[in-house]
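Here's the structure we're looking at; comments come further down.
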Amino acid sequence: MTDRLAPDWLTARPIAHRGLHDRNAGIPENTIAAAEAAIAGGYAIECDVQLSRDGEAMVFHDAGLGRLTGTDGLVRERDAADLRELTVLGSAERVPTLAEFLKKIAGRTPLVVEVKTRFDGDLALARRTAEVVAAHVAADGGPVALKSFDPAIVGALADLAPGIPRGIVAESHHDDPAYASLTEAQRHGLAHLLHFSESRPDFLSWRVDDLPNAATHLCRLLGRMPVMTWTVRNEAQVRLARAHADQMVFEGFRA
């Protein structure tokens, strides 16, 4: 079921969701400043990557640029050099490439990278992310893990990034518009981990409000597979995370 590559560092520290961001303090999500704040706080970091038009992995959550940069269009419609000039949420922070992000972190804390997906079979972002991470690890750059909501991407990473821990991000319900292209059978498969023979994850990352559930319980019990849970924002969710997961991905407070 799994190669059991998940190392102890993966769940050793609470994981700051998109870095330890604080908009009121001028520290936007998925920026170098958010990474530095997480490191200063003693946390691991989670970030997201999207693909630029010219094939670069950019540290950015949304497919569209509007919410975070006030600019029209999609990340995939801009070249990396153009995206790197955009400021985030009116701050001095700019959109970094994954390579820049890793270089700044410099192995000071673990990083968990979510490879975004449109569930369309395109592996270009997974390939580029794997290349960047492999170069970072080869240079003794520090601990990195990869994850995605897309089982095809997680499965492909076994070959694209051998030796790098990889995880599936999941939830029990799939009514979000991000899943609009999926059939009911596919959504059922995601909710019940029926893709394990394809994805072969080393760890799970499950939505906190869907805990506890059979999938995560059995993976921890029988598969000895660590479970992190997202996104923890309040005390009730902290209690769920502590009872039913091995570590939390949190935001809006200091864990």
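Ligands are numbered from 1 in the order shown, residues from 1 within each chain, and chains are lettered A, B, ... in the order they appear in the structure tokens.
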List every residue of segment 122-191 of chain A that has an atom at most 8 Å from any atom of segment 102-116 of chain A, and for each one report the closest atom pair and its distance in Å to one decimal, counting only C-alpha atoms, with rows sorted by chain and then by increasing residue number, as a Markdown table.
| residue | atom | partner | partner_atom | distance |
| --- | --- | --- | --- | --- |
| A:Leu125 | CA | A:Val115 | CA | 7.1 |
| A:Ala126 | CA | A:Val115 | CA | 6.5 |
| A:Thr129 | CA | A:Val115 | CA | 7.7 |
| A:His136 | CA | A:Leu102 | CA | 7.2 |
| A:Asp140 | CA | A:Gly107 | CA | 7.9 |
| A:Gly141 | CA | A:Gly107 | CA | 5.0 |
| A:Gly142 | CA | A:Gly107 | CA | 3.7 |
| A:Pro143 | CA | A:Pro110 | CA | 4.9 |
| A:Val144 | CA | A:Leu111 | CA | 4.9 |
| A:Ala145 | CA | A:Val112 | CA | 4.7 |
| A:Leu146 | CA | A:Val113 | CA | 4.8 |
| A:Lys147 | CA | A:Glu114 | CA | 4.8 |
| A:Ser148 | CA | A:Val115 | CA | 5.1 |
| A:Phe149 | CA | A:Lys116 | CA | 7.5 |
| A:Ile153 | CA | A:Val115 | CA | 7.9 |
Write a file of the just-selected residues containing all heavy atoms, as a compact mmCIF listing (two decimals), in the first residue's frame.
# COMPACT_ATOMS: atom_id res chain seq x y z
N LEU A 125 3.16 20.46 -13.98
CA LEU A 125 3.52 21.08 -12.71
C LEU A 125 4.20 20.07 -11.78
O LEU A 125 5.16 20.40 -11.09
CB LEU A 125 2.27 21.67 -12.03
CG LEU A 125 2.48 22.29 -10.65
CD1 LEU A 125 3.53 23.38 -10.68
CD2 LEU A 125 1.15 22.82 -10.11
N ALA A 126 3.70 18.84 -11.77
CA ALA A 126 4.33 17.80 -10.95
C ALA A 126 5.77 17.58 -11.38
O ALA A 126 6.68 17.43 -10.54
CB ALA A 126 3.53 16.51 -11.04
N THR A 129 7.91 20.64 -10.32
CA THR A 129 8.07 20.62 -8.87
C THR A 129 9.08 19.57 -8.45
O THR A 129 9.96 19.81 -7.61
CB THR A 129 6.72 20.37 -8.20
OG1 THR A 129 5.79 21.40 -8.57
CG2 THR A 129 6.85 20.35 -6.68
N HIS A 136 17.11 20.72 -4.95
CA HIS A 136 17.23 21.23 -3.59
C HIS A 136 17.76 20.16 -2.64
O HIS A 136 18.70 20.39 -1.87
CB HIS A 136 15.86 21.72 -3.13
CG HIS A 136 15.78 22.11 -1.69
ND1 HIS A 136 16.25 23.30 -1.21
CD2 HIS A 136 15.26 21.46 -0.61
CE1 HIS A 136 16.05 23.37 0.10
NE2 HIS A 136 15.45 22.27 0.47
N ASP A 140 21.61 19.22 -0.43
CA ASP A 140 21.48 19.12 1.02
C ASP A 140 20.69 20.31 1.55
O ASP A 140 21.02 20.91 2.58
CB ASP A 140 22.85 19.05 1.70
CG ASP A 140 22.76 18.54 3.13
OD1 ASP A 140 21.78 17.83 3.44
OD2 ASP A 140 23.65 18.86 3.93
N GLY A 141 19.61 20.60 0.83
CA GLY A 141 18.83 21.79 1.17
C GLY A 141 17.82 21.61 2.27
O GLY A 141 17.19 22.58 2.69
N GLY A 142 17.60 20.40 2.76
CA GLY A 142 16.68 20.23 3.88
C GLY A 142 15.44 19.44 3.53
O GLY A 142 15.20 19.10 2.36
N PRO A 143 14.61 19.13 4.52
CA PRO A 143 13.48 18.22 4.36
C PRO A 143 12.31 18.81 3.58
O PRO A 143 11.85 19.92 3.88
CB PRO A 143 13.08 17.89 5.80
CG PRO A 143 13.55 19.07 6.60
CD PRO A 143 14.78 19.57 5.93
N VAL A 144 11.81 18.05 2.61
CA VAL A 144 10.67 18.46 1.78
C VAL A 144 9.77 17.25 1.55
O VAL A 144 10.26 16.13 1.34
CB VAL A 144 11.11 19.00 0.40
CG1 VAL A 144 9.91 19.53 -0.38
CG2 VAL A 144 12.15 20.10 0.55
N ALA A 145 8.46 17.47 1.61
CA ALA A 145 7.48 16.47 1.22
C ALA A 145 6.54 17.08 0.19
O ALA A 145 6.41 18.31 0.11
CB ALA A 145 6.69 15.99 2.44
N LEU A 146 5.91 16.22 -0.59
CA LEU A 146 4.99 16.66 -1.65
C LEU A 146 3.61 16.06 -1.41
O LEU A 146 3.50 14.94 -0.91
CB LEU A 146 5.52 16.23 -3.02
CG LEU A 146 6.91 16.73 -3.39
CD1 LEU A 146 7.38 16.08 -4.69
CD2 LEU A 146 6.93 18.25 -3.52
N LYS A 147 2.57 16.79 -1.80
CA LYS A 147 1.22 16.27 -1.65
C LYS A 147 0.33 16.89 -2.72
O LYS A 147 0.67 17.90 -3.34
CB LYS A 147 0.66 16.58 -0.26
CG LYS A 147 0.46 18.07 0.03
CD LYS A 147 -0.13 18.29 1.41
CE LYS A 147 -0.39 19.79 1.66
NZ LYS A 147 -1.05 20.02 2.98
N SER A 148 -0.84 16.26 -2.93
CA SER A 148 -1.81 16.77 -3.89
C SER A 148 -3.17 16.14 -3.60
O SER A 148 -3.25 15.05 -3.02
CB SER A 148 -1.39 16.45 -5.32
OG SER A 148 -2.34 16.94 -6.26
N PHE A 149 -4.23 16.82 -4.02
CA PHE A 149 -5.57 16.24 -3.99
C PHE A 149 -5.75 15.20 -5.10
O PHE A 149 -6.69 14.43 -5.06
CB PHE A 149 -6.62 17.34 -4.21
CG PHE A 149 -6.94 18.16 -2.98
CD1 PHE A 149 -6.20 19.28 -2.66
CD2 PHE A 149 -8.01 17.82 -2.18
CE1 PHE A 149 -6.51 20.05 -1.55
CE2 PHE A 149 -8.35 18.58 -1.06
CZ PHE A 149 -7.60 19.69 -0.75
N ILE A 153 -1.41 12.60 -9.71
CA ILE A 153 -0.19 13.34 -9.42
C ILE A 153 0.62 12.66 -8.32
O ILE A 153 1.84 12.48 -8.44
CB ILE A 153 -0.52 14.80 -9.04
CG1 ILE A 153 -0.95 15.58 -10.28
CG2 ILE A 153 0.67 15.48 -8.35
CD1 ILE A 153 -1.39 16.99 -10.02
(Q) Please identify the strand (DSSP E) residues within segment 73-145 of chain A (assignment by DSSP from backbone atoms) and present them as a list in words. (A)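 The strand (DSSP E) residues within segment 73-145 of chain A come out as Leu111, Val112, Val113, Glu114, Val115, Val144 and Ala145 of chain A.
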Store the residues picked out above, limited to N, CA, C and O atoms, as a JSON list (two decimals), in the first residue's frame.
[["chain", "number", "residue", "atom", "x", "y", "z"],
["A", 111, "LEU", "N", 9.34, 21.55, 4.83],
["A", 111, "LEU", "CA", 8.39, 22.18, 3.91],
["A", 111, "LEU", "C", 7.54, 21.09, 3.27],
["A", 111, "LEU", "O", 8.06, 20.10, 2.77],
["A", 112, "VAL", "N", 6.22, 21.30, 3.27],
["A", 112, "VAL", "CA", 5.27, 20.42, 2.60],
["A", 112, "VAL", "C", 4.66, 21.19, 1.45],
["A", 112, "VAL", "O", 4.02, 22.23, 1.66],
["A", 113, "VAL", "N", 4.87, 20.72, 0.24],
["A", 113, "VAL", "CA", 4.46, 21.44, -0.98],
["A", 113, "VAL", "C", 3.22, 20.76, -1.57],
["A", 113, "VAL", "O", 3.27, 19.58, -1.91],
["A", 114, "GLU", "N", 2.14, 21.53, -1.69],
["A", 114, "GLU", "CA", 0.94, 21.00, -2.36],
["A", 114, "GLU", "C", 0.97, 21.34, -3.85],
["A", 114, "GLU", "O", 1.02, 22.52, -4.22],
["A", 115, "VAL", "N", 0.93, 20.33, -4.67],
["A", 115, "VAL", "CA", 0.90, 20.49, -6.12],
["A", 115, "VAL", "C", -0.56, 20.64, -6.54],
["A", 115, "VAL", "O", -1.35, 19.70, -6.44],
["A", 144, "VAL", "N", 11.81, 18.05, 2.61],
["A", 144, "VAL", "CA", 10.67, 18.46, 1.78],
["A", 144, "VAL", "C", 9.77, 17.25, 1.55],
["A", 144, "VAL", "O", 10.26, 16.13, 1.34],
["A", 145, "ALA", "N", 8.46, 17.47, 1.61],
["A", 145, "ALA", "CA", 7.48, 16.47, 1.22],
["A", 145, "ALA", "C", 6.54, 17.08, 0.19],
["A", 145, "ALA", "O", 6.41, 18.31, 0.11]]
(Q) Using Å and a single decimal, report how far atom CA of Thr87 of chain A sits from atom CA of Gly26 of chain A. (A)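 So the answer is 11.5 Å.
Closest to Gln247 of chain A among A:Glu36, A:Gln50, A:Ile168, A:Ala44 is A:Ala44, based on only C-alpha atoms.
Closest approach to Pro28 of chain A among A:Thr11, A:Ser91, A:Gln237, A:Thr231: A:Ser91, based on only C-alpha atoms.
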(Q) Measuring between only C-alpha atoms, which one of A:Val133, A:Leu218, A:Phe253, A:Glu171 shows the shortest distance to Ala38 of chain A? (A)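 Counting only C-alpha atoms, the residue closest to Ala38 of chain A is A:Phe253.
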**Q.** Selection near Gly64 of chain A, 8 Å with only C-alpha atoms, sequence-local residues under 3 positions removed, as a list in words
**A.**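 The neighbour list is Arg67, Asp72, Gly73, Leu74 and Val75 of chain A.
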Let me see the file: selected residues, N, CA and C atoms, as a PDB file, in the first residue's frame.
ATOM      1  N   ARG A  67      -7.625  37.615  -6.347  1.00  0.00           N
ATOM      2  CA  ARG A  67      -7.747  37.748  -4.889  1.00  0.00           C
ATOM      3  C   ARG A  67      -6.452  38.222  -4.246  1.00  0.00           C
ATOM      4  N   ASP A  72      -5.968  40.859 -13.196  1.00  0.00           N
ATOM      5  CA  ASP A  72      -6.840  39.960 -13.939  1.00  0.00           C
ATOM      6  C   ASP A  72      -6.053  38.778 -14.502  1.00  0.00           C
ATOM      7  N   GLY A  73      -6.770  37.690 -14.769  1.00  0.00           N
ATOM      8  CA  GLY A  73      -6.168  36.557 -15.450  1.00  0.00           C
ATOM      9  C   GLY A  73      -5.766  35.432 -14.532  1.00  0.00           C
ATOM     10  N   LEU A  74      -5.139  34.430 -15.129  1.00  0.00           N
ATOM     11  CA  LEU A  74      -4.735  33.213 -14.446  1.00  0.00           C
ATOM     12  C   LEU A  74      -3.216  33.121 -14.330  1.00  0.00           C
ATOM     13  N   VAL A  75      -2.751  32.399 -13.325  1.00  0.00           N
ATOM     14  CA  VAL A  75      -1.317  32.187 -13.171  1.00  0.00           C
ATOM     15  C   VAL A  75      -0.738  31.555 -14.427  1.00  0.00           C
TER      16      VAL A  75
END
At most 8 Å is the cut-off: for each residue in segment 36-153 of chain A with any atom that close to an atom of segment 182-203 of chain A, write down the nearest atom pair and the distance in Å rounded to one decimal, counting only C-alpha atoms, chain first then increasing number, as a Markdown table.
| residue | atom | partner | partner_atom | distance |
| --- | --- | --- | --- | --- |
| A:Phe119 | CA | A:Leu182 | CA | 7.7 |
| A:Pro151 | CA | A:Ser199 | CA | 4.8 |
| A:Ala152 | CA | A:Ser199 | CA | 6.2 |
| A:Ile153 | CA | A:Ser199 | CA | 7.6 |
Take the residues from that selection and put them in a file with C-alpha atoms, as a PDB file, in the first residue's frame.
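Final output, saved to result.pdb:
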ATOM      1  CA  PHE A 119      -7.816  16.879 -12.415  1.00  0.00           C
ATOM      2  CA  PRO A 151      -4.229  10.674  -7.016  1.00  0.00           C
ATOM      3  CA  ALA A 152      -2.691  10.705 -10.509  1.00  0.00           C
ATOM      4  CA  ILE A 153      -0.190  13.344  -9.421  1.00  0.00           C
TER       5      ILE A 153
END
Q | Contact residues around Ala81 of chain A with only C-alpha atoms at 10 Å, ignoring same-chain residues under 4 positions, as a ChimeraX atom specification | A | /A:52,54,56,85-86,95-97
**Q.** Straight-line distance linking atom CA of Leu68 of chain A with atom CA of His21 of chain A, stated in Å to one decimal
**A.**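 Going from atom CA of Leu68 of chain A over to atom CA of His21 of chain A covers 12.9 Å.
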Q. For Leu221 of chain A, which residue among A:Gly163, A:Asp122, A:Arg239, A:Asp246 is the nearest when counting only C-alpha atoms?
A.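 Using only C-alpha atoms, the shortest distance to Leu221 of chain A belongs to A:Asp246.
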Q: Would you please work out which residue, of A:Asp79, A:Asp8, A:Glu235, A:Asp62, is nearest to Phe250 of chain A when using only C-alpha atoms?
A: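 Comparing A:Asp79, A:Asp8, A:Glu235, A:Asp62 against Phe250 of chain A, the winner is A:Glu235.
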